[in-house]
>>> print(open('coords_34.txt').read())   # compact mmCIF, C-alpha atoms
# COMPACT_ATOMS: atom_id res chain seq x y z
CA MET A 5 109.30 9.70 -124.88
CA HIS A 6 108.21 11.82 -121.94
CA SER A 7 110.78 12.07 -119.16
CA MET A 8 108.15 11.76 -116.40
CA ASN A 9 106.14 8.89 -117.91
CA CYS A 10 106.75 5.71 -115.96
CA LEU A 11 105.86 2.05 -115.71
CA SER A 12 105.41 0.27 -112.39
CA SER A 13 106.96 -3.16 -111.95
CA TRP A 14 103.86 -4.21 -110.00
CA SER A 15 103.80 -7.19 -107.63
CA GLY A 16 100.52 -6.26 -105.94
CA GLY A 17 102.42 -5.95 -102.65
CA LYS A 18 103.35 -3.08 -100.37
CA ASP A 19 106.82 -2.23 -101.68
CA SER A 20 105.90 -1.83 -105.35
CA ALA A 21 102.79 0.14 -104.34
CA PHE A 22 104.68 2.44 -101.96
CA ALA A 23 107.42 2.99 -104.57
CA LEU A 24 104.71 4.00 -107.06
CA PHE A 25 103.07 6.28 -104.46
CA LEU A 26 106.38 8.09 -103.82
CA SER A 27 107.07 8.36 -107.57
CA ILE A 28 103.68 9.96 -108.21
CA SER A 29 104.32 12.36 -105.30
CA GLY A 30 107.57 13.22 -107.07
CA GLY A 31 105.78 14.12 -110.31
CA TYR A 32 105.98 10.87 -112.27
CA ALA A 33 103.00 9.85 -114.40
CA PRO A 34 102.31 6.09 -114.33
CA LYS A 35 101.10 4.75 -117.66
CA ALA A 36 101.04 0.99 -117.02
CA LEU A 37 101.58 -1.79 -114.48
CA LEU A 38 103.70 -4.79 -115.49
CA ASN A 39 103.35 -8.13 -113.72
CA MET A 40 104.99 -11.40 -114.69
CA MET A 41 102.62 -14.36 -114.34
CA ASN A 42 103.23 -18.10 -114.26
CA GLU A 43 103.06 -20.10 -117.51
CA ASN A 44 99.27 -20.43 -117.58
CA GLY A 45 98.81 -16.72 -116.84
CA ARG A 46 96.59 -17.37 -113.83
CA VAL A 47 98.82 -16.48 -110.88
CA SER A 48 101.61 -13.93 -110.41
CA ARG A 49 105.13 -15.33 -110.20
CA SER A 50 106.34 -13.26 -107.26
CA HIS A 51 103.43 -13.23 -104.81
CA GLY A 52 101.11 -16.01 -106.02
CA LEU A 53 98.25 -13.56 -106.63
CA PRO A 54 95.45 -14.50 -109.04
CA LEU A 55 94.97 -12.37 -112.13
CA GLY A 56 91.51 -11.26 -110.95
CA ILE A 57 92.96 -9.56 -107.85
CA LEU A 58 95.70 -7.82 -109.85
CA LYS A 59 92.97 -6.58 -112.21
CA GLN A 60 90.98 -5.22 -109.25
CA GLN A 61 94.07 -3.31 -108.12
CA ALA A 62 94.68 -1.93 -111.62
CA ASP A 63 91.04 -0.86 -111.78
CA ALA A 64 91.30 0.84 -108.35
CA LEU A 65 94.42 2.66 -109.61
CA SER A 66 92.90 3.45 -113.05
CA ILE A 67 96.18 2.25 -114.61
CA PRO A 68 96.22 -0.49 -117.28
CA LEU A 69 97.71 -3.84 -116.22
CA HIS A 70 99.97 -5.88 -118.50
CA ALA A 71 100.13 -9.41 -117.09
CA VAL A 72 102.68 -11.46 -119.01
CA PRO A 73 102.77 -15.26 -118.69
CA SER A 74 106.29 -16.68 -118.56
CA THR A 75 108.36 -19.66 -117.51
CA TRP A 76 111.21 -18.96 -115.09
CA ASN A 77 113.69 -19.77 -117.87
CA ALA A 78 112.30 -17.16 -120.26
CA TYR A 79 111.57 -14.62 -117.51
CA GLU A 80 114.34 -12.16 -118.30
CA ALA A 81 113.80 -12.25 -122.08
CA ASN A 82 110.05 -11.79 -121.64
CA PHE A 83 110.56 -8.96 -119.15
CA ILE A 84 112.83 -7.07 -121.57
CA LYS A 85 110.42 -7.70 -124.46
CA SER A 86 107.54 -6.36 -122.32
CA LEU A 87 109.55 -3.26 -121.40
CA GLN A 88 110.30 -2.59 -125.06
CA TYR A 89 106.64 -2.99 -126.00
CA LEU A 90 105.40 -0.74 -123.17
CA LYS A 91 108.03 1.89 -123.95
CA ALA A 92 106.74 2.07 -127.53
CA GLU A 93 103.09 1.92 -126.46
CA TYR A 94 103.14 4.52 -123.66
CA ALA A 95 106.25 6.67 -124.35
CA ILE A 96 107.68 5.80 -120.93
CA SER A 97 111.24 6.56 -119.91
CA GLN A 98 111.36 5.20 -116.32
CA VAL A 99 110.51 1.92 -114.60
CA ILE A 100 109.63 2.04 -110.89
CA PHE A 101 110.77 -0.88 -108.71
CA GLY A 102 110.07 -1.52 -105.02
CA ASP A 103 113.38 -3.04 -103.94
CA ILE A 104 114.99 -1.75 -100.77
CA ASP A 105 118.45 -3.24 -100.40
CA LEU A 106 119.01 -6.45 -102.31
CA GLU A 107 121.93 -5.59 -104.58
CA PRO A 108 121.45 -8.51 -107.06
CA HIS A 109 117.85 -7.33 -107.64
CA ARG A 110 119.00 -3.80 -108.35
CA GLU A 111 121.70 -5.00 -110.75
CA TRP A 112 119.18 -7.14 -112.64
CA GLU A 113 116.65 -4.28 -112.84
CA GLU A 114 119.23 -1.84 -114.14
CA LYS A 115 120.42 -4.41 -116.69
CA VAL A 116 116.96 -5.20 -118.12
CA CYS A 117 116.02 -1.50 -118.22
CA GLN A 118 119.24 -0.64 -120.00
CA GLN A 119 118.51 -3.29 -122.62
CA ALA A 120 115.14 -1.66 -123.24
CA GLY A 121 116.59 1.88 -123.27
CA LEU A 122 114.84 2.80 -119.99
CA GLN A 123 115.94 3.99 -116.56
CA ALA A 124 115.35 2.00 -113.38
CA GLN A 125 114.06 4.05 -110.44
CA LEU A 126 114.14 2.58 -106.92
CA PRO A 127 112.49 5.15 -104.60
CA LEU A 128 112.82 2.89 -101.53
CA TRP A 129 116.49 2.05 -102.06
CA GLN A 130 118.66 1.97 -98.90
CA ARG A 131 115.84 3.22 -96.68
CA ASN A 132 115.52 1.81 -93.17
CA ARG A 133 113.10 -1.10 -93.51
CA LYS A 134 111.13 -0.58 -90.32
CA GLU A 135 110.84 3.18 -90.91
CA LEU A 136 109.49 2.43 -94.39
CA VAL A 137 106.80 0.11 -93.02
CA MET A 138 105.76 2.69 -90.43
CA GLU A 139 105.68 5.40 -93.11
CA MET A 140 103.44 3.21 -95.31
CA LEU A 141 101.07 2.60 -92.41
CA ALA A 142 100.98 6.31 -91.59
CA ALA A 143 100.22 7.08 -95.26
CA GLY A 144 97.14 4.85 -95.13
CA PHE A 145 98.42 1.66 -96.78
CA GLU A 146 96.41 -1.44 -95.87
CA THR A 147 98.24 -4.65 -96.67
CA MET A 148 97.59 -8.30 -95.92
CA ILE A 149 100.14 -11.11 -95.62
CA VAL A 150 99.35 -13.48 -98.51
CA SER A 151 102.38 -15.78 -98.43
CA CYS A 152 105.18 -16.59 -96.01
CA GLN A 153 107.99 -19.03 -95.41
CA SER A 154 106.74 -22.31 -93.98
CA SER A 155 109.09 -21.80 -91.00
CA MET A 156 106.80 -18.89 -90.01
CA GLY A 157 103.72 -21.06 -90.48
CA PRO A 158 100.28 -20.51 -92.05
CA THR A 159 98.81 -18.70 -89.01
CA TRP A 160 100.35 -15.44 -90.31
CA LEU A 161 98.43 -15.64 -93.59
CA GLY A 162 95.55 -13.20 -93.98
CA ARG A 163 96.80 -10.93 -91.19
CA ILE A 164 96.76 -7.18 -91.79
CA LEU A 165 100.02 -5.32 -91.35
CA ASN A 166 99.89 -2.81 -88.48
CA SER A 167 102.32 -1.63 -85.80
CA ASP A 168 101.34 -4.50 -83.45
CA LEU A 169 101.99 -7.06 -86.17
CA VAL A 170 105.37 -5.45 -86.95
CA GLU A 171 106.31 -5.90 -83.27
CA GLU A 172 105.15 -9.53 -83.30
CA LEU A 173 107.22 -10.21 -86.43
CA GLU A 174 110.30 -8.57 -84.96
CA ALA A 175 109.86 -10.52 -81.71
CA ILE A 176 110.33 -13.78 -83.64
CA GLY A 177 113.26 -12.37 -85.62
CA ILE A 178 111.36 -11.58 -88.83
CA ASP A 179 112.24 -8.40 -90.71
CA ALA A 180 109.41 -5.83 -90.60
CA CYS A 181 109.50 -5.44 -94.38
CA GLY A 182 109.94 -9.10 -95.30
CA GLU A 183 112.61 -7.93 -97.74
CA ASN A 184 114.51 -11.20 -97.32
CA GLY A 185 111.50 -13.08 -98.71
CA GLU A 186 110.06 -14.06 -95.30
CA PHE A 187 106.59 -12.96 -96.38
CA HIS A 188 104.75 -11.18 -99.20
CA THR A 189 101.79 -8.85 -99.01
CA LEU A 190 98.76 -7.75 -100.99
CA VAL A 191 97.74 -4.08 -100.92
CA THR A 192 93.99 -3.95 -100.30
CA PHE A 193 93.83 -0.16 -99.97
CA CYS A 194 96.13 2.86 -100.28
CA PRO A 195 95.80 6.58 -101.13
CA LEU A 196 96.18 5.76 -104.85
CA PHE A 197 93.14 3.44 -104.88
CA LYS A 198 89.71 4.83 -105.66
CA LYS A 199 88.15 1.84 -103.87
CA ARG A 200 89.13 -0.98 -101.51
CA ILE A 201 90.06 -4.42 -102.86
CA GLN A 202 88.03 -7.19 -101.25
CA PRO A 203 89.76 -10.51 -101.91
CA GLN A 204 87.70 -13.63 -101.24
CA ILE A 205 89.91 -16.08 -99.36
CA SER A 206 89.17 -19.76 -99.95
CA GLY A 207 91.92 -21.46 -97.94
CA LYS A 208 95.62 -21.90 -97.27
CA THR A 209 98.13 -24.12 -98.99
CA ILE A 210 101.76 -25.10 -98.42
CA HIS A 211 103.95 -25.48 -101.50
CA GLN A 212 107.58 -26.56 -100.93
CA ASP A 213 108.96 -24.08 -98.33
CA TYR A 214 106.18 -21.54 -98.66
CA CYS A 215 102.63 -21.06 -97.34
CA PHE A 216 100.09 -19.27 -99.57
CA LEU A 217 96.60 -17.90 -99.13
CA GLU A 218 94.25 -19.25 -101.76
CA PHE A 219 91.64 -16.98 -103.28
CA LYS A 220 88.32 -17.58 -104.98
CA SER A 221 88.85 -16.54 -108.58
>>> encode(input="coords_34.txt", output="C-alpha cells")
Amino acid sequence: MHSMNCLSSWSGGKDSAFALFLSISGGYAPKALLNMMNENGRVSRSHGLPLGILKQQADALSIPLHAVPSTWNAYEANFIKSLQYLKAEYAISQVIFGDIDLEPHREWEEKVCQQAGLQAQLPLWQRNRKELVMEMLAAGFETMIVSCQSSMGPTWLGRILNSDLVEELEAIGIDACGENGEFHTLVTFCPLFKKRIQPQISGKTIHQDYCFLEFKS
C-alpha cells in the first residue's frame, strides 16, 4: 500500500471534485473514482447522473471509474466491499470525501473506511461554505445545478454556478454550497479535466420532493 495513493468517493459534483483537486495539490495520487449507482446501474444514487456523464468525467480526469449498482438497503455493505476491492486492486490507503460539515456523514465515512482498513480524508471539512464556493470558482471550476429541492423549483436546473448565482441563492435563503441537500451540481470543467464535459439535456422531471435535469444517454 502506498501512503499517498487515494480513491475519490466521486459524486460528479463540485464538492467531491474540489476535495480531489485539493488532495492532488497536497501530493495525493488518485487511482480510482468510486460512485454508487441505483439498482439498474444507469443513474448515480446521490446526484441522479447517468453513467455516460460519469464516464465522460472519468475520461476527462484520466482516472478509472468504478460505478457500483446497489439498493439503498445494501448500500453500506456494497460500499465497504468496493473499498476492499479497490484497496487490493490499486494499493490505496486513503479515501477522499467532499463533505463539509455534516457530522453523521463524516462518522459513516470513517466507519466504512475503518472496516476496509483505509483512512477517510475530508479536505473541505469545517471550511466556510461560501468561501469554499468562491475558491472553487476562482480555481476555474464550472458546475451546473442538476437537481434541487422542489421548494426551489425547476427554474434553477441547468444554471451555471457563478458569483451572481450564489447571491441569488443566498437572497432566497439557500446555502451557497447546497450542503444541506438543497441542490446538487455536475462539474462540467475544472483544472483536473483535460477537456470540457458537454451534457445533452433532454428535459426536467420532478420526483417526490426533488427536481432533476434529464440527460440524453
>>> closest_residue(input="coords_34.txt", among="A:Ser74, A:Thr147, A:Asn184, A:Ser50", to="Asp105 of chain A", atoms="all atoms listed in the file")
A:Asn184
>>> atom_distance(input="coords_34.txt", atom1="atom CA of Gly102 of chain A", atom2="atom CA of Lys220 of chain A")
27.0 Å
>>> closest_residue(input="coords_34.txt", among="A:Lys18, A:Leu196, A:Trp112, A:Thr75", to="Ala180 of chain A", atoms="only C-alpha atoms")
A:Lys18
>>> atom_distance(input="coords_34.txt", atom1="atom CA of Gly185 of chain A", atom2="atom CA of Gly30 of chain A")
27.9 Å
>>> closest_residue(input="coords_34.txt", among="A:Asn9, A:Thr192, A:Ser155, A:Ser86", to="Ala71 of chain A", atoms="only C-alpha atoms")
A:Ser86
>>> closest_residue(input="coords_34.txt", among="A:Pro73, A:Gly207, A:Gly17, A:Gly31", to="Gly45 of chain A", atoms="only C-alpha atoms")
A:Pro73
>>> atom_distance(input="coords_34.txt", atom1="atom CA of Glu139 of chain A", atom2="atom CA of Gly182 of chain A")
15.3 Å
>>> closest_residue(input="coords_34.txt", among="A:Ile210, A:Ile201, A:Ala92, A:Val170", to="Leu65 of chain A", atoms="all atoms listed in the file")
A:Ile201
>>> residues_near_point(input="coords_34.txt", point="(100.7, -17.4, -98.2)", cutoff="8 Å", atoms="all atoms listed in the file", output="list of chain:residue names")
A:Gly52, A:Ile149, A:Val150, A:Ser151, A:Cys152, A:Gln153, A:Pro158, A:Leu161, A:Gly162, A:Phe187, A:His188, A:Lys208, A:Thr209, A:Ile210, A:Tyr214, A:Cys215, A:Phe216, A:Leu217, A:Glu218
>>> residues_near_point(input="coords_34.txt", point="(118.8, -6.8, -117.6)", cutoff="12 Å", atoms="all atoms listed in the file", output="VMD selection string")
chain A and resid 79 to 85 87 108 to 124
>>> axis_aligned_box(input="coords_34.txt", around="segment 85-90 of chain A", padding_each_side="8 Å", output="JSON")
{"center_x": 107.9, "center_y": -4.2, "center_z": -123.7, "size_x": 21.0, "size_y": 23.0, "size_z": 20.6}
>>> closest_residue(input="coords_34.txt", among="A:Gly56, A:Val47, A:Val137, A:Leu11", to="Glu171 of chain A", atoms="only C-alpha atoms")
A:Val137
